[in-house]
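Shown next: query.cif, given as mmCIF, C-alpha atoms and all ligand atoms.
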```
data_structure
loop_
_atom_site.label_atom_id
_atom_site.label_comp_id
_atom_site.auth_asym_id
_atom_site.auth_seq_id
_atom_site.Cartn_x
_atom_site.Cartn_y
_atom_site.Cartn_z
CA MET A 113 17.94 14.80 -10.43
CA VAL A 114 18.82 12.49 -7.50
CA GLU A 115 21.04 14.13 -4.87
CA LYS A 116 22.71 11.10 -3.44
CA LEU A 117 22.31 7.50 -4.48
CA ALA A 118 23.09 4.98 -1.77
CA THR A 119 25.09 2.03 -3.11
CA ILE A 120 22.96 -0.87 -4.13
CA ASN A 121 23.90 -4.19 -5.63
CA VAL A 122 20.90 -4.94 -7.85
CA PRO A 123 22.39 -8.07 -9.51
CA ARG A 124 22.96 -9.51 -6.03
CA ILE A 125 19.42 -8.60 -4.96
CA ARG A 126 17.95 -10.19 -8.10
CA GLU A 127 19.51 -13.53 -7.13
CA ASP A 128 17.19 -13.58 -4.10
CA PHE A 129 14.09 -13.51 -6.33
CA PRO A 130 13.74 -16.88 -8.12
CA ILE A 131 10.79 -15.69 -10.23
CA LEU A 132 13.00 -13.13 -11.99
CA LYS A 133 14.73 -16.01 -13.79
CA ARG A 134 11.47 -16.87 -15.55
CA ARG A 135 10.91 -16.38 -19.22
CA VAL A 136 7.57 -15.15 -20.52
CA ASN A 137 6.66 -15.67 -24.17
CA GLY A 138 10.25 -16.72 -24.77
CA LYS A 139 11.65 -13.45 -23.34
CA PRO A 140 13.22 -12.75 -19.93
CA LEU A 141 10.50 -11.59 -17.53
CA ILE A 142 10.49 -7.85 -16.86
CA TYR A 143 8.25 -7.34 -13.88
CA PHE A 144 6.92 -3.77 -13.81
CA ASP A 145 3.69 -4.48 -11.91
CA ASN A 146 5.04 -3.96 -8.41
CA ALA A 147 2.34 -1.51 -7.34
CA ALA A 148 -0.18 -4.36 -7.75
CA THR A 149 1.95 -6.89 -5.89
CA SER A 150 5.68 -7.35 -5.42
CA GLN A 151 7.76 -10.47 -5.97
CA LYS A 152 9.04 -12.46 -2.97
CA PRO A 153 12.64 -13.12 -1.99
CA ILE A 154 13.80 -16.66 -1.27
CA GLN A 155 14.10 -15.75 2.43
CA VAL A 156 10.31 -15.20 2.61
CA ILE A 157 9.51 -18.28 0.50
CA GLU A 158 11.72 -20.48 2.70
CA THR A 159 10.17 -19.04 5.88
CA LEU A 160 6.70 -20.15 4.76
CA ASP A 161 8.05 -23.58 3.81
CA LYS A 162 9.83 -23.95 7.17
CA TYR A 163 6.76 -22.91 9.13
CA TYR A 164 4.57 -25.57 7.50
CA ARG A 165 7.28 -28.24 7.63
CA GLU A 166 8.50 -27.67 11.16
CA TYR A 167 6.20 -25.76 13.53
CA ASN A 168 2.71 -25.36 12.09
CA ALA A 169 0.34 -24.97 15.07
CA ASN A 170 -2.41 -22.65 16.24
CA ILE A 171 -1.14 -19.74 18.29
CA HIS A 172 -1.91 -18.28 21.74
CA ARG A 173 -3.95 -21.27 22.93
CA GLY A 174 -1.66 -24.28 22.80
CA ILE A 175 0.62 -25.41 25.64
CA HIS A 176 2.71 -27.68 23.43
CA LYS A 177 6.10 -26.93 21.87
CA LEU A 178 4.89 -26.26 18.32
CA ALA A 179 2.23 -23.83 19.53
CA GLU A 180 4.83 -22.04 21.62
CA GLU A 181 7.25 -21.71 18.69
CA ALA A 182 4.52 -20.49 16.33
CA THR A 183 3.24 -17.97 18.90
CA ILE A 184 6.73 -16.59 19.52
CA ALA A 185 7.45 -16.23 15.79
CA HIS A 186 4.05 -14.56 15.17
CA GLU A 187 4.54 -12.05 17.97
CA GLU A 188 8.15 -11.36 16.95
CA ALA A 189 6.83 -10.41 13.52
CA ARG A 190 4.50 -7.90 15.15
CA GLU A 191 7.45 -6.37 17.02
CA LYS A 192 9.50 -6.10 13.81
CA ILE A 193 6.63 -4.31 12.07
CA ALA A 194 6.11 -1.94 15.02
CA LYS A 195 9.79 -0.96 14.84
CA PHE A 196 9.73 -0.73 11.04
CA ILE A 197 7.08 2.01 11.10
CA ASN A 198 8.21 3.43 14.47
CA ALA A 199 4.97 2.74 16.32
CA ASN A 200 4.92 3.72 19.98
CA ARG A 201 3.88 0.26 21.11
CA THR A 202 3.70 -3.23 19.68
CA GLU A 203 -0.01 -3.48 20.51
CA GLU A 204 -0.64 -0.66 18.03
CA ILE A 205 -0.05 -3.22 15.25
CA VAL A 206 -3.17 -5.23 14.31
CA PHE A 207 -2.82 -8.02 11.75
CA VAL A 208 -5.50 -8.04 9.05
CA ARG A 209 -5.72 -9.55 5.57
CA ASN A 210 -4.70 -6.46 3.59
CA ALA A 211 -4.95 -2.66 3.43
CA THR A 212 -8.57 -2.97 2.32
CA GLU A 213 -9.55 -4.87 5.46
CA ALA A 214 -7.57 -2.44 7.63
CA ILE A 215 -9.55 0.51 6.25
CA ASN A 216 -12.84 -1.37 6.63
CA LEU A 217 -11.96 -2.14 10.23
CA VAL A 218 -11.69 1.59 10.98
CA ALA A 219 -14.80 2.49 8.96
CA TYR A 220 -16.86 -0.14 10.79
CA ALA A 221 -15.47 -0.11 14.33
CA TRP A 222 -14.46 3.55 14.72
CA GLY A 223 -16.82 4.95 12.09
CA ARG A 224 -20.07 3.37 13.31
CA ALA A 225 -19.35 4.59 16.85
CA ASN A 226 -18.21 8.11 15.99
CA ILE A 227 -19.78 9.40 12.77
CA LYS A 228 -23.15 11.13 13.06
CA GLN A 229 -25.57 12.81 10.69
CA GLY A 230 -24.10 16.01 9.25
CA ASP A 231 -20.47 15.05 9.99
CA LYS A 232 -17.88 15.33 7.24
CA ILE A 233 -15.41 12.72 6.01
CA VAL A 234 -12.69 14.26 3.84
CA LEU A 235 -10.99 12.13 1.18
CA THR A 236 -8.92 13.00 -1.88
CA ILE A 237 -9.76 12.49 -5.53
CA MET A 238 -6.69 10.24 -5.94
CA GLU A 239 -7.85 7.56 -3.46
CA HIS A 240 -7.93 3.87 -4.29
CA HIS A 241 -11.46 2.40 -4.17
CA SER A 242 -10.43 0.71 -0.89
CA ASN A 243 -10.23 4.13 0.70
CA ILE A 244 -13.46 5.43 -0.83
CA VAL A 245 -16.15 2.74 -0.78
CA PRO A 246 -16.02 1.91 2.98
CA TRP A 247 -16.49 5.65 3.69
CA GLN A 248 -19.31 5.95 1.16
CA GLN A 249 -21.14 3.09 2.88
CA LEU A 250 -20.62 4.69 6.30
CA ALA A 251 -21.71 8.13 5.08
CA ASN A 252 -24.86 6.67 3.48
CA GLU A 253 -25.76 4.82 6.64
CA LYS A 254 -25.21 7.79 8.95
CA GLY A 255 -26.25 10.70 6.77
CA ALA A 256 -22.70 12.07 6.78
CA LYS A 257 -21.08 13.93 3.89
CA LEU A 258 -18.01 12.96 1.84
CA GLU A 259 -15.80 15.68 0.38
CA PHE A 260 -12.87 15.19 -1.97
CA ILE A 261 -9.71 17.30 -2.08
CA LYS A 262 -8.86 17.71 -5.77
CA ILE A 263 -5.51 17.92 -7.53
CA ASP A 264 -3.68 20.46 -9.70
CA GLU A 265 -2.42 19.80 -13.27
CA GLU A 266 0.68 18.01 -11.99
CA GLY A 267 -1.20 15.72 -9.66
CA HIS A 268 -0.48 17.43 -6.34
CA LEU A 269 -3.27 17.97 -3.83
CA ARG A 270 -4.65 21.50 -4.03
CA GLN A 271 -3.38 23.43 -1.03
CA ASP A 272 -6.40 25.75 -0.98
CA GLU A 273 -8.78 22.77 -0.82
CA ILE A 274 -6.84 21.08 2.00
CA HIS A 275 -7.43 24.16 4.12
CA GLU A 276 -10.96 24.87 2.88
CA LEU A 277 -12.43 21.38 3.16
CA ILE A 278 -10.99 20.33 6.53
CA ASP A 279 -13.10 22.23 9.04
CA GLU A 280 -14.96 21.91 12.36
CA ARG A 281 -17.49 19.47 10.87
CA THR A 282 -14.72 17.11 9.73
CA LYS A 283 -14.40 13.95 11.82
CA ILE A 284 -11.82 12.03 9.80
CA VAL A 285 -9.51 12.67 6.85
CA CYS A 286 -8.65 9.54 4.84
CA ILE A 287 -5.74 10.03 2.51
CA THR A 288 -3.28 8.00 0.55
CA HIS A 289 0.39 8.56 1.37
CA ALA A 290 1.40 7.79 -2.21
CA SER A 291 -0.94 7.53 -5.19
CA ASN A 292 -1.01 4.16 -6.95
CA VAL A 293 -1.80 6.00 -10.21
CA LEU A 294 0.03 9.33 -10.18
CA GLY A 295 2.84 8.30 -7.87
CA THR A 296 2.37 11.58 -5.96
CA ILE A 297 3.73 11.52 -2.41
CA ASN A 298 1.34 13.53 -0.25
CA SER A 299 2.45 15.72 2.60
CA ILE A 300 0.80 13.81 5.44
CA LYS A 301 2.21 15.97 8.23
CA GLU A 302 0.51 19.01 6.77
CA ILE A 303 -2.79 17.10 6.64
CA THR A 304 -2.49 15.79 10.20
CA ARG A 305 -1.76 19.31 11.46
CA ALA A 306 -4.79 20.69 9.60
CA ALA A 307 -7.08 17.87 10.79
CA HIS A 308 -5.94 17.79 14.40
CA ARG A 309 -6.57 21.52 14.70
CA PHE A 310 -10.28 20.64 14.40
CA GLY A 311 -10.07 17.46 16.45
CA ALA A 312 -10.47 15.30 13.32
CA LEU A 313 -8.55 12.02 12.96
CA VAL A 314 -6.36 11.04 10.01
CA LEU A 315 -6.22 7.62 8.37
CA VAL A 316 -3.28 7.12 6.03
CA ASP A 317 -3.49 4.55 3.25
CA ALA A 318 0.19 3.61 3.17
CA ALA A 319 -0.19 0.68 0.73
CA GLN A 320 2.16 2.40 -1.77
CA SER A 321 4.52 4.12 0.67
CA VAL A 322 5.52 1.65 3.41
CA PRO A 323 6.99 -0.79 0.82
CA HIS A 324 9.09 1.91 -0.86
CA MET A 325 10.29 4.54 1.60
CA ARG A 326 10.92 5.10 5.31
CA VAL A 327 7.55 5.73 6.93
CA ASP A 328 7.48 6.88 10.53
CA ALA A 329 3.97 6.67 11.95
CA ARG A 330 4.88 8.65 15.06
CA ASP A 331 6.49 11.44 13.06
CA LEU A 332 3.53 11.62 10.65
CA ASP A 333 1.30 11.75 13.74
CA CYS A 334 -1.50 9.95 11.89
CA ASP A 335 -4.18 8.19 13.91
CA PHE A 336 -4.47 5.08 11.71
CA MET A 337 -2.33 3.64 8.95
CA ALA A 338 -3.13 0.74 6.61
CA PHE A 339 -0.82 -1.34 4.42
CA SER A 340 -0.55 -4.75 2.74
CA GLY A 341 2.21 -7.33 3.15
CA HIS A 342 2.07 -8.58 -0.44
CA LYS A 343 3.21 -5.24 -1.87
CA MET A 344 6.35 -5.25 0.32
CA MET A 345 7.82 -8.68 -0.49
CA GLY A 346 5.57 -10.44 2.03
CA PRO A 347 2.93 -13.12 1.40
CA THR A 348 -0.62 -12.38 0.25
CA GLY A 349 -3.39 -12.47 2.85
CA ILE A 350 -1.53 -10.50 5.51
CA GLY A 351 -1.76 -6.77 6.12
CA VAL A 352 -1.44 -4.28 8.92
CA LEU A 353 -3.58 -1.71 10.63
CA TYR A 354 -1.58 0.65 12.82
CA GLY A 355 -3.60 2.78 15.23
CA LYS A 356 -2.80 4.99 18.20
CA SER A 357 -3.66 2.88 21.24
CA LYS A 358 -5.91 5.61 22.68
CA HIS A 359 -8.22 5.17 19.67
CA PHE A 360 -8.01 1.38 19.64
CA GLU A 361 -8.85 1.28 23.37
CA ASN A 362 -12.07 3.23 22.81
CA MET A 363 -13.23 1.36 19.71
CA PRO A 364 -15.62 -1.59 19.78
CA PRO A 365 -14.37 -4.75 18.02
CA PHE A 366 -14.86 -5.22 14.29
CA LEU A 367 -15.13 -9.01 13.89
CA CYS A 368 -16.19 -11.13 16.86
CA GLY A 369 -15.64 -14.75 17.84
CA GLY A 370 -12.75 -16.82 19.14
CA GLU A 371 -9.30 -15.40 19.99
CA MET A 372 -10.58 -11.85 20.63
CA ILE A 373 -12.58 -12.51 23.83
CA LYS A 374 -11.59 -12.48 27.49
CA GLU A 375 -14.75 -14.23 28.74
CA VAL A 376 -18.01 -15.35 27.16
CA HIS A 377 -21.24 -16.06 29.05
CA THR A 378 -24.75 -16.64 27.78
CA THR A 379 -25.46 -13.05 28.81
CA GLY A 380 -22.55 -11.40 27.00
CA ALA A 381 -18.79 -11.26 26.46
CA SER A 382 -15.73 -9.14 27.25
CA TRP A 383 -12.78 -8.40 24.97
CA LYS A 384 -9.10 -9.20 25.16
CA ASP A 385 -6.55 -6.42 25.46
CA LEU A 386 -4.98 -4.81 22.39
CA PRO A 387 -4.20 -5.84 19.75
CA TYR A 388 -6.08 -9.16 20.11
CA LYS A 389 -9.46 -7.42 20.52
CA PHE A 390 -9.26 -6.82 16.75
CA GLU A 391 -7.93 -10.23 15.72
CA ALA A 392 -10.90 -12.62 15.75
CA GLY A 393 -10.41 -16.24 14.73
CA THR A 394 -7.26 -18.07 13.67
CA PRO A 395 -5.03 -15.55 11.93
CA ASN A 396 -2.71 -15.95 8.94
CA ILE A 397 0.16 -17.20 11.10
CA ALA A 398 2.56 -18.13 8.30
CA GLY A 399 1.73 -14.87 6.52
CA ALA A 400 2.58 -12.73 9.55
CA ILE A 401 5.87 -14.57 10.10
CA GLY A 402 6.68 -14.22 6.39
CA LEU A 403 5.92 -10.50 6.53
CA GLY A 404 8.34 -10.19 9.46
CA VAL A 405 11.06 -11.69 7.27
CA ALA A 406 10.14 -9.35 4.39
CA VAL A 407 10.61 -6.46 6.83
CA ASP A 408 14.04 -7.88 7.81
CA TYR A 409 14.92 -7.98 4.12
CA LEU A 410 13.87 -4.38 3.50
CA ARG A 411 15.68 -3.17 6.62
CA ASN A 412 18.86 -4.94 5.50
CA VAL A 413 18.77 -3.12 2.18
CA SER A 414 17.61 0.05 4.04
CA MET A 415 14.53 2.01 3.09
CA GLU A 416 16.66 5.00 2.06
CA THR A 417 18.42 2.77 -0.49
CA VAL A 418 15.11 1.34 -1.73
CA HIS A 419 13.71 4.83 -2.21
CA ASP A 420 16.90 6.18 -3.84
CA HIS A 421 17.03 3.28 -6.28
CA GLU A 422 13.40 3.79 -7.24
CA LYS A 423 13.89 7.52 -7.72
CA GLN A 424 16.85 6.79 -9.97
CA ILE A 425 15.01 4.26 -12.14
CA THR A 426 11.83 6.38 -12.24
CA GLY A 427 13.87 9.42 -13.32
CA TYR A 428 15.57 7.36 -16.01
CA ALA A 429 12.26 5.94 -17.27
CA LEU A 430 10.57 9.37 -17.29
CA THR A 431 13.43 10.83 -19.33
CA ARG A 432 13.43 7.97 -21.83
CA MET A 433 9.65 8.05 -22.16
CA THR A 434 9.89 11.59 -23.56
CA GLU A 435 11.50 9.98 -26.66
CA ILE A 436 8.20 8.30 -27.60
CA ASP A 437 5.95 10.44 -29.81
CA GLY A 438 2.44 10.88 -28.44
CA LEU A 439 3.17 9.43 -25.00
CA VAL A 440 1.45 11.22 -22.11
CA VAL A 441 2.65 10.67 -18.54
CA TYR A 442 0.43 11.53 -15.56
CA GLY A 443 1.60 12.81 -12.18
CA PRO A 444 4.37 15.06 -10.84
CA LYS A 445 7.25 15.99 -13.16
CA GLU A 446 9.70 16.17 -10.26
CA VAL A 447 10.98 12.68 -9.48
CA THR A 448 11.56 13.48 -5.80
CA LYS A 449 7.82 14.12 -5.42
CA ARG A 450 6.77 10.62 -6.49
CA VAL A 451 7.19 6.93 -5.82
CA GLY A 452 8.22 4.51 -8.57
CA VAL A 453 4.86 4.43 -10.34
CA ILE A 454 4.43 5.80 -13.87
CA SER A 455 0.96 5.87 -15.44
CA PHE A 456 0.72 6.83 -19.07
CA ASN A 457 -1.19 6.65 -22.33
CA LEU A 458 0.28 6.27 -25.80
CA GLY A 459 -1.68 8.09 -28.50
CA ASP A 460 -5.06 6.46 -28.91
CA ILE A 461 -3.84 2.92 -28.23
CA HIS A 462 -6.10 1.40 -25.58
CA ALA A 463 -4.26 0.65 -22.33
CA HIS A 464 -5.26 -3.04 -22.52
CA ASP A 465 -3.88 -3.37 -26.06
CA LEU A 466 -0.63 -1.80 -24.91
CA ALA A 467 -0.39 -4.19 -21.95
CA SER A 468 -0.94 -7.15 -24.33
CA ILE A 469 1.86 -5.97 -26.62
CA MET A 470 4.15 -5.56 -23.59
CA ASP A 471 3.23 -9.07 -22.44
CA GLU A 472 4.33 -10.47 -25.80
CA GLU A 473 7.72 -8.94 -25.00
CA GLY A 474 7.77 -10.53 -21.52
CA ILE A 475 7.01 -7.20 -19.83
CA ALA A 476 4.35 -7.18 -17.09
CA ILE A 477 2.62 -3.82 -16.76
CA ARG A 478 -0.91 -3.00 -15.59
CA SER A 479 -3.73 -1.36 -17.50
CA GLY A 480 -7.21 -0.13 -16.67
CA HIS A 481 -8.66 2.21 -14.07
CA HIS A 482 -6.28 1.03 -11.32
CA CYS A 483 -9.13 0.94 -8.77
CA ALA A 484 -9.27 4.72 -8.94
CA GLN A 485 -12.32 5.48 -11.09
CA PRO A 486 -13.07 8.87 -9.47
CA LEU A 487 -9.53 9.95 -10.43
CA MET A 488 -10.01 8.65 -14.00
CA GLU A 489 -13.28 10.62 -14.24
CA PHE A 490 -11.58 13.72 -12.86
CA LEU A 491 -8.79 13.43 -15.46
CA ASN A 492 -11.31 12.46 -18.11
CA VAL A 493 -9.47 9.34 -19.25
CA PRO A 494 -11.08 5.88 -19.43
CA ALA A 495 -7.91 3.94 -18.65
CA MET A 496 -4.14 4.18 -18.30
CA SER A 497 -1.16 1.85 -18.53
CA ARG A 498 1.12 1.73 -15.51
CA ALA A 499 4.72 0.65 -15.00
CA SER A 500 5.80 0.38 -11.36
CA PHE A 501 9.27 -0.46 -10.07
CA TYR A 502 10.94 -2.10 -7.11
CA ILE A 503 14.39 -2.71 -5.76
CA TYR A 504 15.19 -5.48 -8.29
CA ASN A 505 14.39 -3.49 -11.47
CA THR A 506 17.13 -2.07 -13.68
CA ASN A 507 17.73 0.64 -16.26
CA GLU A 508 18.40 -2.14 -18.81
CA GLU A 509 14.86 -3.38 -18.25
CA VAL A 510 13.62 0.17 -18.82
CA ASP A 511 15.50 0.19 -22.15
CA VAL A 512 13.69 -2.99 -23.26
CA PHE A 513 10.39 -1.41 -22.17
CA ILE A 514 11.11 1.76 -24.19
CA ASN A 515 11.89 -0.31 -27.30
CA ALA A 516 8.63 -2.22 -26.81
CA LEU A 517 6.70 1.06 -26.49
CA GLU A 518 8.28 2.33 -29.69
CA LYS A 519 7.35 -0.94 -31.41
CA ALA A 520 3.73 -0.55 -30.21
CA ARG A 521 3.62 3.03 -31.43
CA LYS A 522 4.81 2.01 -34.91
CA LEU A 523 2.34 -0.89 -35.00
CA PHE A 524 -0.66 1.35 -34.33
CA ASN A 525 0.59 4.49 -36.14
CA PRO A 526 2.88 3.23 -38.92
C1 LIG B 601 -3.11 3.03 -2.66
C2 LIG B 601 -3.72 1.68 -2.45
N1 LIG B 601 -4.56 1.50 -1.44
C3 LIG B 601 -5.13 0.31 -1.18
C4 LIG B 601 -4.87 -0.77 -1.96
C5 LIG B 601 -5.53 -2.07 -1.66
O1 LIG B 601 -4.60 -3.04 -1.32
P1 LIG B 601 -5.09 -4.53 -1.07
O2 LIG B 601 -5.74 -4.98 -2.34
O3 LIG B 601 -3.84 -5.26 -0.76
O4 LIG B 601 -6.04 -4.48 0.08
C6 LIG B 601 -4.00 -0.64 -3.05
C7 LIG B 601 -3.74 -1.78 -3.96
O5 LIG B 601 -3.38 -1.63 -5.09
C8 LIG B 601 -3.41 0.62 -3.29
O6 LIG B 601 -2.56 0.80 -4.31
#
```

For this file, write the structure as structure tokens.
Ligand SMILES: Cc1ncc(COP(=O)(O)O)c(C=O)c1O
Amino acid sequence: MVEKLATINVPRIREDFPILKRRVNGKPLIYFDNAATSQKPIQVIETLDKYYREYNANIHRGIHKLAEEATIAHEEAREKIAKFINANRTEEIVFVRNATEAINLVAYAWGRANIKQGDKIVLTIMEHHSNIVPWQQLANEKGAKLEFIKIDEEGHLRQDEIHELIDERTKIVCITHASNVLGTINSIKEITRAAHRFGALVLVDAAQSVPHMRVDARDLDCDFMAFSGHKMMGPTGIGVLYGKSKHFENMPPFLCGGEMIKEVHTTGASWKDLPYKFEAGTPNIAGAIGLGVAVDYLRNVSMETVHDHEKQITGYALTRMTEIDGLVVYGPKEVTKRVGVISFNLGDIHAHDLASIMDEEGIAIRSGHHCAQPLMEFLNVPAMSRASFYIYNTNEEVDVFINALEKARKLFNP
């Protein structure tokens, strides 16, 4: 099942996450909602506390000591993130609020300047709404066409459609690296090769991959990549847009105002160099610094170990879930082809009812359409439940989850 499992000390890791000591409804918390947002280690929590206690100041503009310290810490975080995803240059890292804003930045700044009537934007049917709606808006405005690569029965992208739909009219391919519903890991290199052959760009939604596996932007050769800090142990309100500097250089700004200008006159303005051209206004300084520390944390554990642990626990959960009568799991059967996300339905129990029963047992799972309604329509299901794992989850927690599922099954189908 898993070839080689790097050693990992989960009990030791769990000590770093104070929230895991909580009880919910009288039971120990089992947090299986990591694809929505992850928990934060004490190192990140203390970094935020220290920033506000000791060196809170606005960055880039101040001459005083606090401003200097805050600026250095903010820019160090950018360097850590550039290294983490193997960007060519630090200025290829733009801080935004979240993956959603990163994708909107590209759709507005690059899209409005480059998409024309009759052009094609290729997406996949498994995209999160964040990687659909900005492109729909752009396509409507410009008279461009959206096309969706569909999936096979196991939740893999259809090879024939990748090669049929990406053609000379395609200007950009926007694809998730890992599905937040099916868990499928998509072969981005194959997509970038297919797109670049026609001069089309590739935007990768890495919201579910960067937190869980080694992601090398240069190796993937994607043109843009978006991810959120809060799903990778960082604070909320901070995210990243990576972009090749040649694209960033040629793009107009997205938001305008202070911080992003070189000069302003009554007749017009000029823009700062990268990455600041895309960072208007006072940024989330504490958030960026906290994300830098989250990256330190993940690097210390090592992304190979994170991924191996999640494959192990996902494999264990998938095997145990086969014990439950009437339980349907979506997505690839092969654990090496997915991240630690398992979406499922249990008989005709509504996903929300199932999530409520789990909550009574102290287990946090998600239910609903998971911001992927086109995928739900394609699969013809109104909703799913989803358990998603991270580095601090254990097989023992999976056992409690399985017992709770069995209890729910008996309750609805005695
Ligand atoms: C695949 C994927 N893309 C984008 C997003 C949006 O992330 P955020 O809400 O942090 O912008 C999510 C969040 O669940 C996601 O799973």

Write out as a Markdown table the residues of chain A that have any atom within 8 Å of an atom of ligand LIG 601 (chain B), one row each with the nearest atom pair and its distance in Å to one decimal, counting only C-alpha atoms and all ligand atoms, sorted by chain and then rising number.
```
| residue | atom | partner | partner_atom | distance |
| --- | --- | --- | --- | --- |
| A:Ala147 | CA | B:LIG601 | O5 | 6.1 |
| A:Ala148 | CA | B:LIG601 | O5 | 5.0 |
| A:Thr149 | CA | B:LIG601 | O5 | 7.5 |
| A:Arg209 | CA | B:LIG601 | O4 | 7.5 |
| A:Asn210 | CA | B:LIG601 | O4 | 4.2 |
| A:Ala211 | CA | B:LIG601 | O4 | 4.0 |
| A:Thr212 | CA | B:LIG601 | O4 | 3.7 |
| A:Glu213 | CA | B:LIG601 | O4 | 6.4 |
| A:Ala214 | CA | B:LIG601 | O4 | 8.0 |
| A:Glu239 | CA | B:LIG601 | C1 | 6.6 |
| A:His240 | CA | B:LIG601 | N1 | 5.0 |
| A:His241 | CA | B:LIG601 | C3 | 7.3 |
| A:Ser242 | CA | B:LIG601 | C3 | 5.3 |
| A:Asn243 | CA | B:LIG601 | N1 | 6.6 |
| A:Thr288 | CA | B:LIG601 | C1 | 5.9 |
| A:His289 | CA | B:LIG601 | C1 | 7.7 |
| A:Ala290 | CA | B:LIG601 | C1 | 6.6 |
| A:Ser291 | CA | B:LIG601 | C1 | 5.6 |
| A:Asn292 | CA | B:LIG601 | O6 | 4.5 |
| A:Val293 | CA | B:LIG601 | O6 | 7.9 |
| A:Asp317 | CA | B:LIG601 | N1 | 5.7 |
| A:Ala318 | CA | B:LIG601 | C1 | 6.7 |
| A:Ala319 | CA | B:LIG601 | C2 | 4.9 |
| A:Gln320 | CA | B:LIG601 | C1 | 5.4 |
| A:Phe339 | CA | B:LIG601 | O1 | 7.1 |
| A:Ser340 | CA | B:LIG601 | O3 | 4.8 |
| A:Gly341 | CA | B:LIG601 | O3 | 7.5 |
| A:His342 | CA | B:LIG601 | O3 | 6.8 |
| A:Lys343 | CA | B:LIG601 | O3 | 7.1 |
| A:Thr348 | CA | B:LIG601 | O3 | 7.9 |
| A:Gly351 | CA | B:LIG601 | O3 | 7.3 |
| A:His482 | CA | B:LIG601 | O5 | 7.4 |
| A:Cys483 | CA | B:LIG601 | O5 | 7.3 |
```

Any idea what's packed within 8 Å of range 165-178 of chain A, counting all atoms listed in the file, ignoring anything in its chain fewer than 6 positions away? Could you give it as JSON, numbers by chain?
{"A": [186, 394, 397]}

Interface rows for range 155-202 of chain A against range 128-144 of chain A: nearest pair, Å to one decimal, 12 Å, only C-alpha atoms, as a tab-separated table:
```
residue	atom	partner	partner_atom	distance
A:Gln155	CA	A:Asp128	CA	7.5
A:Val156	CA	A:Asp128	CA	9.7
A:Ile157	CA	A:Phe129	CA	9.5
A:Glu158	CA	A:Asp128	CA	11.1
```

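Residue nearest Ala398 in chain A, chosen from A:Lys162, A:Lys232, A:Lys257, A:Lys445 and counting all atoms listed in the file: A:Lys162.
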
Contact residues around Leu353 in chain A with all atoms listed in the file at 7 Å, ignoring same-chain residues under 5 positions, as a PyMOL selection string:
chain A and resi 205-208+214+336-339

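Note that the spacing between CA of Gly349 in chain A and CA of Asn198 in chain A amounts to 22.9 Å.
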
Can you tell me, as AutoDock Vina command-line options, the centre and edge lengths (Å, one decimal) of the axis-aligned box enclosing all of range 326-340 of chain A's listed atoms after padding each side by 6 Å?
```
--center_x 3.2 --center_y 3.5 --center_z 8.9 --size_x 27.4 --size_y 28.5 --size_z 24.3
```

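Proximity of A:Lys195, A:Arg326, A:Arg281, A:His268 to Pro444 in chain A, computed with all atoms listed in the file, is greatest for A:His268.
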
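Computed from the coordinates, the CA of Val316 in chain A to CA of Lys389 in chain A distance equals 21.4 Å.
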
What does the distance from CA of Val510 in chain A to CA of Ser497 in chain A come to in Å, to one decimal?
14.9 Å

If you count only C-alpha atoms, the residue of A:Asn396, A:Thr296, A:Asn492, A:Gln249 closest to Pro347 in chain A turns out to be A:Asn396

For range 502-509 of chain A, work out the shell of residues within 6 Å, counting only C-alpha atoms and skipping chain neighbours fewer than 2 positions away, then give it as a PyMOL selection string.
chain A and resi 122+126+418+511-512

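Excluding Val327 in chain A and any residue on its chain fewer than 2 positions from it, the residues at most 10 Å away by all atoms listed in the file are A:Phe196, A:Ile197, A:Asn198, A:His289, A:Ala318, A:Ser321, A:Val322, A:Pro323, A:His324, A:Met325, A:Ala329, A:Arg330, A:Asp331, A:Leu332, A:Met415.
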
Would you export the selected residues with C-alpha atoms as an mmCIF file, in the coordinates of the input, please?
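Contents of part-v2.cif, as written:
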```
data_model
loop_
_atom_site.group_PDB
_atom_site.id
_atom_site.type_symbol
_atom_site.label_atom_id
_atom_site.label_comp_id
_atom_site.auth_asym_id
_atom_site.auth_seq_id
_atom_site.Cartn_x
_atom_site.Cartn_y
_atom_site.Cartn_z
ATOM 1 C CA PHE A 196 9.730 -0.730 11.040
ATOM 2 C CA ILE A 197 7.080 2.010 11.100
ATOM 3 C CA ASN A 198 8.210 3.430 14.470
ATOM 4 C CA HIS A 289 0.390 8.560 1.370
ATOM 5 C CA ALA A 318 0.190 3.610 3.170
ATOM 6 C CA SER A 321 4.520 4.120 0.670
ATOM 7 C CA VAL A 322 5.520 1.650 3.410
ATOM 8 C CA PRO A 323 6.990 -0.790 0.820
ATOM 9 C CA HIS A 324 9.090 1.910 -0.860
ATOM 10 C CA MET A 325 10.290 4.540 1.600
ATOM 11 C CA ALA A 329 3.970 6.670 11.950
ATOM 12 C CA ARG A 330 4.880 8.650 15.060
ATOM 13 C CA ASP A 331 6.490 11.440 13.060
ATOM 14 C CA LEU A 332 3.530 11.620 10.650
ATOM 15 C CA MET A 415 14.530 2.010 3.090
#
```

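Compared by their closest atoms to His481 in chain A, and using all atoms listed in the file, the residues A:Val441, A:Met238, A:Leu523, A:Met372 rank with A:Met238 nearest.
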